[in-house]
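Colleague: coords.csv is the file, holding CSV, C-alpha atoms:
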chain,number,residue,atom,x,y,z
Q,1,MET,CA,1.6,-13.6,7.7
Q,2,LEU,CA,4.1,-10.9,8.7
Q,3,GLU,CA,7.2,-10.6,6.5
Q,4,ILE,CA,10.1,-8.3,7.5
Q,5,LYS,CA,12.9,-8.0,4.9
Q,6,GLY,CA,16.1,-6.0,5.4
Q,7,VAL,CA,14.5,-3.3,7.7
Q,8,SER,CA,16.9,-0.7,9.1
Q,9,LYS,CA,16.1,2.4,11.1
Q,10,GLY,CA,18.3,5.1,12.5
Q,11,PHE,CA,18.0,8.4,14.3
Q,12,GLY,CA,20.7,10.9,13.2
Q,13,ASP,CA,24.0,9.1,13.1
Q,14,LYS,CA,22.8,6.3,15.4
Q,15,ASN,CA,21.5,3.0,13.9
Q,16,ILE,CA,18.7,1.5,15.9
Q,17,LEU,CA,17.9,-1.4,13.6
Q,18,GLU,CA,20.2,-3.0,11.0
Q,19,GLY,CA,19.0,-5.4,8.3
Q,20,ILE,CA,16.2,-7.1,10.2
Q,21,HIS,CA,14.7,-10.2,8.5
Q,22,LEU,CA,11.9,-12.1,10.2
Q,23,THR,CA,8.8,-14.0,9.2
Q,24,VAL,CA,5.8,-14.8,11.4
Q,25,ASN,CA,3.2,-17.2,9.9
Q,26,ARG,CA,-0.5,-17.4,10.7
Q,27,GLY,CA,-1.0,-19.3,13.9
Q,28,ASP,CA,2.6,-18.7,15.1
Q,29,ILE,CA,3.7,-16.9,18.2
Q,30,VAL,CA,7.2,-15.3,17.9
Q,31,GLY,CA,8.8,-13.7,20.9
Q,32,LEU,CA,11.1,-10.8,20.3
Q,33,LEU,CA,13.7,-11.1,23.1
Q,34,GLY,CA,16.2,-8.4,23.9
Q,35,LYS,CA,17.5,-6.1,26.6
Q,36,ASN,CA,16.1,-2.6,27.0
Q,37,GLY,CA,17.5,-0.5,24.1
Q,38,ALA,CA,17.9,-3.5,21.8
Q,39,GLY,CA,15.4,-2.0,19.3
Q,40,LYS,CA,12.3,-4.0,20.1
Q,41,THR,CA,9.9,-1.1,20.4
Q,42,THR,CA,11.4,0.6,17.4
Q,43,LEU,CA,10.8,-2.5,15.3
Q,44,ILE,CA,7.2,-2.7,16.5
Q,45,LYS,CA,6.6,1.0,15.6
Q,46,CYS,CA,8.0,0.3,12.1
Q,47,ILE,CA,5.6,-2.6,11.7
Q,48,ASN,CA,2.7,-0.2,12.5
Q,49,HIS,CA,4.4,2.4,10.2
Q,50,LEU,CA,4.8,4.9,13.0
Q,51,TYR,CA,8.4,5.4,11.7
Q,52,GLN,CA,9.8,5.6,8.3
Q,53,TYR,CA,12.4,2.9,7.6
Q,54,LYS,CA,14.5,1.3,5.0
Q,55,GLY,CA,13.6,-2.2,3.8
Q,56,GLU,CA,10.2,-3.8,3.4
Q,57,ILE,CA,7.4,-5.0,5.7
Q,58,LYS,CA,4.4,-6.9,4.3
Q,59,VAL,CA,1.2,-8.1,6.1
Q,60,SER,CA,-0.6,-10.8,4.2
Q,61,GLY,CA,1.4,-9.9,1.1
Q,62,ILE,CA,0.5,-6.2,1.3
Q,63,ALA,CA,3.1,-3.5,1.9
Q,64,TYR,CA,2.1,-0.1,3.4
Q,65,SER,CA,3.3,1.7,0.2
Q,66,GLN,CA,0.8,-0.4,-1.9
Q,67,ASN,CA,-2.3,0.2,0.2
Q,68,PRO,CA,-1.8,2.1,3.5
Q,69,GLU,CA,-5.5,1.7,4.6
Q,70,GLN,CA,-5.6,-2.0,3.9
Q,71,TYR,CA,-2.2,-2.6,5.5
Q,72,LEU,CA,-3.1,-0.9,8.7
Q,73,ARG,CA,-6.5,-2.7,8.9
Q,74,LYS,CA,-4.6,-6.0,8.9
Q,75,VAL,CA,-2.4,-5.0,11.9
Q,76,GLY,CA,-3.6,-5.0,15.5
Q,77,ILE,CA,-1.1,-3.4,17.9
Q,78,LEU,CA,-0.7,-3.0,21.7
Q,79,LEU,CA,1.7,-0.1,22.1
Q,80,GLU,CA,1.1,2.4,24.9
Q,81,PRO,CA,-2.7,2.3,24.5
Q,82,SER,CA,-4.9,5.2,25.7
Q,83,TYR,CA,-8.3,4.9,27.1
Q,84,TYR,CA,-11.3,7.0,28.0
Q,85,ASP,CA,-11.2,6.6,31.8
Q,86,TYR,CA,-14.8,7.8,32.3
Q,87,MET,CA,-16.1,5.1,29.9
Q,88,SER,CA,-16.6,1.4,30.4
Q,89,ALA,CA,-14.6,-1.3,28.7
Q,90,MET,CA,-17.4,-2.0,26.2
Q,91,GLU,CA,-17.7,1.7,25.5
Q,92,ASN,CA,-14.0,2.1,24.9
Q,93,LEU,CA,-14.1,-0.8,22.5
Q,94,ARG,CA,-17.0,0.7,20.6
Q,95,ALA,CA,-15.2,4.1,20.4
Q,96,TYR,CA,-12.0,2.4,19.2
Q,97,ALA,CA,-14.0,0.4,16.6
Q,98,ALA,CA,-15.5,3.7,15.3
Q,99,LEU,CA,-12.2,5.4,15.1
Q,100,SER,CA,-10.7,2.5,13.3
Q,101,GLY,CA,-13.4,2.5,10.6
Q,102,VAL,CA,-14.9,-0.8,11.7
Q,103,PRO,CA,-18.6,-1.1,10.8
Q,104,LEU,CA,-20.6,-0.7,14.1
Q,105,LYS,CA,-23.7,-2.7,13.0
Q,106,ASN,CA,-23.9,-5.8,15.1
Q,107,ILE,CA,-20.5,-5.1,16.6
Q,108,ASP,CA,-21.5,-5.7,20.2
Q,109,GLY,CA,-21.5,-9.5,19.8
Q,110,ARG,CA,-17.9,-9.4,18.6
Q,111,LEU,CA,-16.8,-7.0,21.4
Q,112,LYS,CA,-18.4,-9.3,24.0
Q,113,GLU,CA,-16.5,-12.2,22.6
Q,114,LEU,CA,-13.2,-10.3,22.8
Q,115,LEU,CA,-13.9,-9.2,26.5
Q,116,ASP,CA,-14.7,-12.8,27.3
Q,117,ALA,CA,-11.5,-14.1,25.6
Q,118,ILE,CA,-9.3,-11.7,27.6
Q,119,GLY,CA,-11.0,-12.4,30.9
Q,120,LEU,CA,-12.9,-9.1,31.3
Q,121,SER,CA,-16.4,-10.2,30.6
Q,122,ASN,CA,-17.3,-9.5,34.2
Q,123,ALA,CA,-16.0,-6.0,33.9
Q,124,MET,CA,-17.4,-4.9,30.6
Q,125,THR,CA,-19.6,-2.2,32.2
Q,126,LYS,CA,-17.0,-1.1,34.7
Q,127,LYS,CA,-15.4,2.3,34.2
Q,128,VAL,CA,-11.8,2.0,33.0
Q,129,LYS,CA,-10.6,4.5,35.7
Q,130,GLU,CA,-11.4,1.7,38.2
Q,131,PHE,CA,-9.2,-0.9,36.3
Q,132,SER,CA,-5.9,-2.1,37.6
Q,133,PHE,CA,-2.9,-1.7,35.2
Q,134,GLY,CA,-3.1,-5.4,34.3
Q,135,MET,CA,-6.7,-5.1,33.4
Q,136,LYS,CA,-5.9,-2.1,31.2
Q,137,GLN,CA,-3.3,-4.2,29.4
Q,138,LYS,CA,-5.9,-6.8,28.7
Q,139,LEU,CA,-8.3,-4.2,27.4
Q,140,GLY,CA,-5.4,-3.0,25.2
Q,141,VAL,CA,-5.2,-6.5,23.7
Q,142,ALA,CA,-8.9,-6.5,23.0
Q,143,MET,CA,-8.6,-3.1,21.3
Q,144,ALA,CA,-5.8,-4.5,19.1
Q,145,LEU,CA,-8.2,-7.3,18.0
Q,146,VAL,CA,-11.2,-5.1,17.2
Q,147,LYS,CA,-10.2,-4.8,13.5
Q,148,ASN,CA,-10.0,-8.7,13.3
Q,149,PRO,CA,-6.4,-8.3,12.2
Q,150,ASP,CA,-4.2,-10.9,10.4
Q,151,VAL,CA,-1.2,-9.9,12.6
Q,152,LEU,CA,-1.2,-9.0,16.3
Q,153,VAL,CA,1.8,-7.0,17.6
Q,154,LEU,CA,2.2,-6.8,21.4
Q,155,ASP,CA,4.8,-4.5,23.0
Q,156,GLU,CA,5.7,-6.0,26.4
Q,157,PRO,CA,2.0,-7.0,27.1
Q,158,THR,CA,2.7,-8.5,30.5
Q,159,ILE,CA,4.1,-5.4,32.2
Q,160,GLY,CA,2.1,-4.7,35.4
Q,161,VAL,CA,0.2,-8.0,35.2
Q,162,ASP,CA,0.2,-10.0,38.5
Q,163,PRO,CA,1.4,-13.6,38.5
Q,164,LYS,CA,-2.1,-15.0,38.4
Q,165,GLY,CA,-3.0,-12.7,35.6
Q,166,LEU,CA,0.1,-13.8,33.7
Q,167,ASP,CA,-1.1,-17.4,33.3
Q,168,ALA,CA,-4.4,-16.0,32.0
Q,169,MET,CA,-2.6,-13.7,29.6
Q,170,PHE,CA,-0.4,-16.5,28.3
Q,171,ALA,CA,-3.4,-18.8,27.8
Q,172,MET,CA,-5.3,-16.0,26.0
Q,173,ILE,CA,-2.4,-15.3,23.6
Q,174,LYS,CA,-2.0,-19.0,22.7
Q,175,THR,CA,-5.8,-19.4,22.2
Q,176,LEU,CA,-5.8,-16.3,20.0
Q,177,ALA,CA,-3.1,-17.7,17.7
Q,178,GLN,CA,-5.0,-21.0,17.4
Q,179,LYS,CA,-8.6,-19.9,17.3
Q,180,GLU,CA,-8.2,-16.7,15.4
Q,181,ASN,CA,-5.4,-18.1,13.2
Q,182,ILE,CA,-3.4,-14.9,13.4
Q,183,ALA,CA,0.3,-14.3,13.4
Q,184,ILE,CA,1.4,-12.9,16.8
Q,185,ILE,CA,4.7,-11.2,17.6
Q,186,PHE,CA,5.4,-9.8,21.1
Q,187,SER,CA,8.4,-8.2,22.7
Q,188,SER,CA,9.8,-8.8,26.1
Q,189,ASN,CA,13.0,-8.8,28.1
Q,190,ASN,CA,11.8,-11.6,30.4
Q,191,LEU,CA,13.4,-14.9,29.7
Q,192,LYS,CA,10.8,-17.1,31.3
Q,193,GLU,CA,7.7,-15.7,29.8
Q,194,VAL,CA,9.3,-15.9,26.3
Q,195,GLN,CA,10.0,-19.6,26.9
Q,196,ASP,CA,6.5,-20.2,28.2
Q,197,ILE,CA,4.5,-18.6,25.3
Q,198,SER,CA,6.6,-18.5,22.1
Q,199,ARG,CA,6.8,-21.1,19.4
Q,200,LYS,CA,9.9,-19.3,18.1
Q,201,ILE,CA,12.2,-16.8,19.6
Q,202,ALA,CA,14.0,-14.0,17.7
Q,203,PHE,CA,17.0,-12.7,19.7
Q,204,LEU,CA,17.5,-9.0,19.1
Q,205,LYS,CA,20.8,-7.5,20.2
Q,206,ASP,CA,22.2,-4.0,19.3
Q,207,GLY,CA,19.6,-3.6,16.6
Q,208,LYS,CA,20.3,-7.0,14.9
Q,209,ILE,CA,18.5,-10.3,15.1
Q,210,VAL,CA,21.4,-12.5,16.1
Q,211,ASP,CA,19.5,-15.8,16.0
Q,212,THR,CA,16.0,-17.2,15.5
Q,213,VAL,CA,15.3,-20.6,17.1
Q,214,ASP,CA,12.4,-23.0,17.6
Q,215,THR,CA,11.4,-22.9,21.3
Q,216,ASN,CA,10.8,-26.6,21.7
Q,217,GLU,CA,14.1,-27.5,20.1
Q,218,MET,CA,16.0,-25.0,22.3
Q,219,LEU,CA,14.4,-26.1,25.5
Q,220,ASN,CA,15.4,-29.7,25.0
Q,221,LEU,CA,19.1,-28.7,24.8
Q,222,ASP,CA,21.6,-27.2,27.1
Q,223,ASN,CA,19.5,-26.9,30.2
Q,224,THR,CA,20.4,-26.5,33.9
Q,225,TYR,CA,18.0,-27.4,36.7
Q,226,ALA,CA,17.4,-26.3,40.3
Q,227,ILE,CA,15.8,-28.9,42.6
Q,228,HIS,CA,14.2,-27.5,45.8
Q,229,VAL,CA,13.6,-30.0,48.7
Q,230,LYS,CA,11.5,-29.5,51.8
Q,231,HIS,CA,14.2,-30.3,54.5
Q,232,PRO,CA,17.9,-29.5,54.8
Q,233,ILE,CA,20.0,-32.1,53.0
Q,234,ALA,CA,22.1,-34.3,55.3
Q,235,GLU,CA,25.8,-34.4,54.8
Q,236,LYS,CA,26.0,-38.0,53.7
Q,237,ILE,CA,23.2,-37.4,51.2
Q,238,LYS,CA,25.2,-34.4,49.9
Q,239,ASP,CA,28.1,-36.7,49.2
Q,240,LEU,CA,25.9,-39.1,47.3
Q,241,ILE,CA,24.5,-36.3,45.2
Q,242,SER,CA,27.9,-34.8,44.5
Q,243,ASP,CA,29.1,-38.2,43.3
Q,244,ALA,CA,26.0,-38.6,41.0
Q,245,GLY,CA,26.9,-35.7,38.7
Q,246,LYS,CA,28.0,-32.2,38.2
Q,247,CYS,CA,26.1,-30.0,40.6
Q,248,LEU,CA,26.2,-27.5,43.5
Q,249,VAL,CA,24.4,-28.5,46.7
Q,250,ASP,CA,23.0,-25.9,49.2
Q,251,ALA,CA,20.9,-26.5,52.3
Q,252,THR,CA,17.6,-27.1,50.4
Q,253,THR,CA,18.6,-26.5,46.8
Q,254,ILE,CA,20.6,-28.5,44.3
Q,255,GLN,CA,21.8,-26.8,41.1
Q,256,VAL,CA,22.2,-29.5,38.4
Q,257,GLU,CA,24.2,-29.0,35.2
Q,258,ASN,CA,22.6,-31.5,32.8
Q,259,TYR,CA,19.6,-33.8,32.4
Q,260,GLU,CA,21.6,-37.0,32.9
Q,261,SER,CA,22.7,-35.9,36.3
Q,262,LEU,CA,19.2,-34.7,37.1
Q,263,ASN,CA,17.8,-38.2,36.8
Q,264,LYS,CA,20.5,-39.7,39.0
Q,265,ILE,CA,20.0,-37.1,41.7
Q,266,LEU,CA,16.2,-37.4,41.7
Q,267,ARG,CA,16.5,-41.1,42.3
Q,268,ILE,CA,18.7,-40.4,45.4
Q,269,LEU,CA,16.3,-37.9,46.8
Q,270,LEU,CA,13.3,-40.2,46.3
Q,271,ASP,CA,15.1,-42.8,48.4
Q,272,CYS,CA,16.0,-40.5,51.3
Q,273,ASP,CA,12.5,-39.4,52.2
Q,274,ASN,CA,13.1,-35.7,51.6
Q,275,PRO,CA,10.1,-34.3,49.6
Q,276,ILE,CA,10.8,-32.5,46.4
Q,277,MET,CA,9.0,-29.2,46.4
Q,278,ASP,CA,9.9,-27.9,42.9
Q,279,ILE,CA,12.1,-28.3,39.9
Q,280,GLU,CA,13.1,-25.3,37.9
Q,281,ARG,CA,14.6,-25.4,34.4
Q,282,GLU,CA,16.8,-22.7,32.9
Q,283,ASN,CA,18.2,-22.6,29.4
Q,284,LYS,CA,21.8,-21.7,29.3
Q,285,PHE,CA,21.5,-20.4,25.8
Q,286,LEU,CA,19.0,-17.8,27.0
Q,287,ARG,CA,21.0,-17.0,30.1
Q,288,ASN,CA,24.2,-16.5,28.2
Q,289,PHE,CA,22.4,-14.2,25.7
Q,290,TYR,CA,22.1,-11.6,28.5
Q,291,GLU,CA,25.7,-11.9,29.8
Before anything else, please render the file you have as structure tokens.

Modeller:
Amino acid sequence: MLEIKGVSKGFGDKNILEGIHLTVNRGDIVGLLGKNGAGKTTLIKCINHLYQYKGEIKVSGIAYSQNPEQYLRKVGILLEPSYYDYMSAMENLRAYAALSGVPLKNIDGRLKELLDAIGLSNAMTKKVKEFSFGMKQKLGVAMALVKNPDVLVLDEPTIGVDPKGLDAMFAMIKTLAQKENIAIIFSSNNLKEVQDISRKIAFLKDGKIVDTVDTNEMLNLDNTYAIHVKHPIAEKIKDLISDAGKCLVDATTIQVENYESLNKILRILLDCDNPIMDIERENKFLRNFYE
């Protein structure tokens, strides 16, 4: 469990974090959502005790001031990781384990499991200098897990990961939370990926957490929808759609304001033989957070 109580951090006269309170339980995934400059990376550095701060942070009931070595051993972090480019993925993990004080006896089995979990089992002997940026991000997650931590902290882990790799990354993080039963907190400024992966979302704005919400509850409320159809919509069909509910109709896209209208419009489209290609959902709460 990660417990953050009243954490504040400033540089000179400028406050970056003000009175942050947040709890992440084992098995939970909490997305830290905010614009660039909101304080996400500063908070993550405080969790890893790279910055001095006011307030208290505990991992599994232990504060850094009580036992620094034990505290840091329980925290795995992905934050601007560095690698030995001339070494393989497996060799990098071994080196990181040694530097972290992890016993190396029989460590290879654990490292192979990590590389398999993050989708790099086929590249374990490949030199890191040949890795794409997305592959390096995955290796960074594996490095964060070498210590078998209670809390995993990821600073924008999906940067540079291609769309196909994103799905694998999301699946991996969800599996880690369940299989390893660890508390995971990750930062992002991407609305969709936070919706897709988090169980809870903490909204960070101007150094303060302005709200913390359950993802499932939020996604069931206050949504808008975009329906994409294959063929241009005929004028008479546009009239029927407009009468069915509050919406905006374009050539092949219909922006729908609520779920009730969505159902009515879908029935009209199904009757007019215009194949529906995709339906996108956007949460207005998330969208307004950025406005």

Colleague: Measuring atom to atom with only C-alpha atoms, identify which of Q:Asn48, Q:Ser82, Q:Asn258, Q:Thr158 is nearest to Q:Ser188.

Modeller: Q:Thr158

Colleague: Quick one: pull the distance between atom CA of Q:Leu93 and atom CA of Q:Val194, Å, one decimal.

Modeller: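 Here the two named atoms are 28.1 Å from each other.
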
Colleague: Hey, which of Q:Glu193, Q:Asp214, Q:Glu130, Q:Glu69 ends up closest to Q:Glu282? Count only C-alpha atoms.

Modeller: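 Among the listed residues, the smallest separation from Q:Glu282 belongs to Q:Glu193.
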
Colleague: Which residue is closest to Q:Glu257? Choose from Q:Asn92, Q:Thr224, Q:Asn148, Q:Thr175 and count all atoms listed in the file.

Modeller: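 The closest residue to Q:Glu257 is Q:Thr224.
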
Colleague: Identify which of the residues Q:Asp13, Q:Asp243, Q:Glu235, Q:Asp28 lies closest to Q:Ser198, counting all atoms listed in the file when measuring atom-to-atom distances.

Modeller: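 Comparing Q:Asp13, Q:Asp243, Q:Glu235, Q:Asp28 against Q:Ser198, the winner is Q:Asp28.
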
Colleague: How would stretch 50-74 of chain Q look with N, CA and C atoms restored, written as a PDB file, keeping the file's coordinate frame?

Modeller:
ATOM      1  N   LEU Q  50       4.676   3.702  12.239  1.00  0.00           N
ATOM      2  CA  LEU Q  50       4.800   4.900  13.000  1.00  0.00           C
ATOM      3  C   LEU Q  50       6.145   5.600  12.726  1.00  0.00           C
ATOM      4  N   TYR Q  51       7.078   4.832  12.172  1.00  0.00           N
ATOM      5  CA  TYR Q  51       8.400   5.400  11.700  1.00  0.00           C
ATOM      6  C   TYR Q  51       8.582   5.038  10.265  1.00  0.00           C
ATOM      7  N   GLN Q  52       9.266   5.932   9.586  1.00  0.00           N
ATOM      8  CA  GLN Q  52       9.800   5.600   8.300  1.00  0.00           C
ATOM      9  C   GLN Q  52      11.016   4.736   8.423  1.00  0.00           C
ATOM     10  N   TYR Q  53      11.263   3.847   7.482  1.00  0.00           N
ATOM     11  CA  TYR Q  53      12.400   2.900   7.600  1.00  0.00           C
ATOM     12  C   TYR Q  53      12.843   2.486   6.219  1.00  0.00           C
ATOM     13  N   LYS Q  54      14.015   1.897   6.185  1.00  0.00           N
ATOM     14  CA  LYS Q  54      14.500   1.300   5.000  1.00  0.00           C
ATOM     15  C   LYS Q  54      14.182  -0.207   5.008  1.00  0.00           C
ATOM     16  N   GLY Q  55      13.925  -0.792   3.837  1.00  0.00           N
ATOM     17  CA  GLY Q  55      13.600  -2.200   3.800  1.00  0.00           C
ATOM     18  C   GLY Q  55      12.085  -2.353   3.459  1.00  0.00           C
ATOM     19  N   GLU Q  56      11.548  -3.538   3.751  1.00  0.00           N
ATOM     20  CA  GLU Q  56      10.200  -3.800   3.400  1.00  0.00           C
ATOM     21  C   GLU Q  56       9.479  -4.646   4.471  1.00  0.00           C
ATOM     22  N   ILE Q  57       8.245  -4.265   4.759  1.00  0.00           N
ATOM     23  CA  ILE Q  57       7.400  -5.000   5.700  1.00  0.00           C
ATOM     24  C   ILE Q  57       6.072  -5.278   4.970  1.00  0.00           C
ATOM     25  N   LYS Q  58       5.651  -6.553   4.947  1.00  0.00           N
ATOM     26  CA  LYS Q  58       4.400  -6.900   4.300  1.00  0.00           C
ATOM     27  C   LYS Q  58       3.508  -7.659   5.351  1.00  0.00           C
ATOM     28  N   VAL Q  59       2.220  -7.384   5.288  1.00  0.00           N
ATOM     29  CA  VAL Q  59       1.200  -8.100   6.100  1.00  0.00           C
ATOM     30  C   VAL Q  59       0.258  -8.761   5.124  1.00  0.00           C
ATOM     31  N   SER Q  60       0.203 -10.086   5.171  1.00  0.00           N
ATOM     32  CA  SER Q  60      -0.600 -10.800   4.200  1.00  0.00           C
ATOM     33  C   SER Q  60      -0.347 -10.440   2.788  1.00  0.00           C
ATOM     34  N   GLY Q  61       0.916 -10.223   2.478  1.00  0.00           N
ATOM     35  CA  GLY Q  61       1.400  -9.900   1.100  1.00  0.00           C
ATOM     36  C   GLY Q  61       1.201  -8.473   0.703  1.00  0.00           C
ATOM     37  N   ILE Q  62       0.753  -7.612   1.618  1.00  0.00           N
ATOM     38  CA  ILE Q  62       0.500  -6.200   1.300  1.00  0.00           C
ATOM     39  C   ILE Q  62       1.509  -5.314   2.014  1.00  0.00           C
ATOM     40  N   ALA Q  63       2.180  -4.442   1.282  1.00  0.00           N
ATOM     41  CA  ALA Q  63       3.100  -3.500   1.900  1.00  0.00           C
ATOM     42  C   ALA Q  63       2.319  -2.153   2.098  1.00  0.00           C
ATOM     43  N   TYR Q  64       2.785  -1.379   3.061  1.00  0.00           N
ATOM     44  CA  TYR Q  64       2.100  -0.100   3.400  1.00  0.00           C
ATOM     45  C   TYR Q  64       2.109   0.803   2.136  1.00  0.00           C
ATOM     46  N   SER Q  65       3.185   0.791   1.363  1.00  0.00           N
ATOM     47  CA  SER Q  65       3.300   1.700   0.200  1.00  0.00           C
ATOM     48  C   SER Q  65       2.251   1.286  -0.892  1.00  0.00           C
ATOM     49  N   GLN Q  66       1.814   0.023  -0.905  1.00  0.00           N
ATOM     50  CA  GLN Q  66       0.800  -0.400  -1.900  1.00  0.00           C
ATOM     51  C   GLN Q  66      -0.577   0.011  -1.557  1.00  0.00           C
ATOM     52  N   ASN Q  67      -0.945  -0.114  -0.281  1.00  0.00           N
ATOM     53  CA  ASN Q  67      -2.300   0.200   0.200  1.00  0.00           C
ATOM     54  C   ASN Q  67      -2.277   0.487   1.656  1.00  0.00           C
ATOM     55  N   PRO Q  68      -1.984   1.735   2.053  1.00  0.00           N
ATOM     56  CA  PRO Q  68      -1.800   2.100   3.500  1.00  0.00           C
ATOM     57  C   PRO Q  68      -3.056   1.664   4.320  1.00  0.00           C
ATOM     58  N   GLU Q  69      -4.246   1.954   3.832  1.00  0.00           N
ATOM     59  CA  GLU Q  69      -5.500   1.700   4.600  1.00  0.00           C
ATOM     60  C   GLU Q  69      -5.647   0.180   4.834  1.00  0.00           C
ATOM     61  N   GLN Q  70      -5.472  -0.598   3.787  1.00  0.00           N
ATOM     62  CA  GLN Q  70      -5.600  -2.000   3.900  1.00  0.00           C
ATOM     63  C   GLN Q  70      -4.555  -2.653   4.792  1.00  0.00           C
ATOM     64  N   TYR Q  71      -3.324  -2.155   4.648  1.00  0.00           N
ATOM     65  CA  TYR Q  71      -2.200  -2.600   5.500  1.00  0.00           C
ATOM     66  C   TYR Q  71      -2.505  -2.433   6.945  1.00  0.00           C
ATOM     67  N   LEU Q  72      -2.875  -1.215   7.320  1.00  0.00           N
ATOM     68  CA  LEU Q  72      -3.100  -0.900   8.700  1.00  0.00           C
ATOM     69  C   LEU Q  72      -4.321  -1.628   9.283  1.00  0.00           C
ATOM     70  N   ARG Q  73      -5.296  -1.916   8.424  1.00  0.00           N
ATOM     71  CA  ARG Q  73      -6.500  -2.700   8.900  1.00  0.00           C
ATOM     72  C   ARG Q  73      -6.117  -4.084   9.248  1.00  0.00           C
ATOM     73  N   LYS Q  74      -5.057  -4.607   8.665  1.00  0.00           N
ATOM     74  CA  LYS Q  74      -4.600  -6.000   8.900  1.00  0.00           C
ATOM     75  C   LYS Q  74      -3.700  -6.128  10.112  1.00  0.00           C
TER      76      LYS Q  74
END
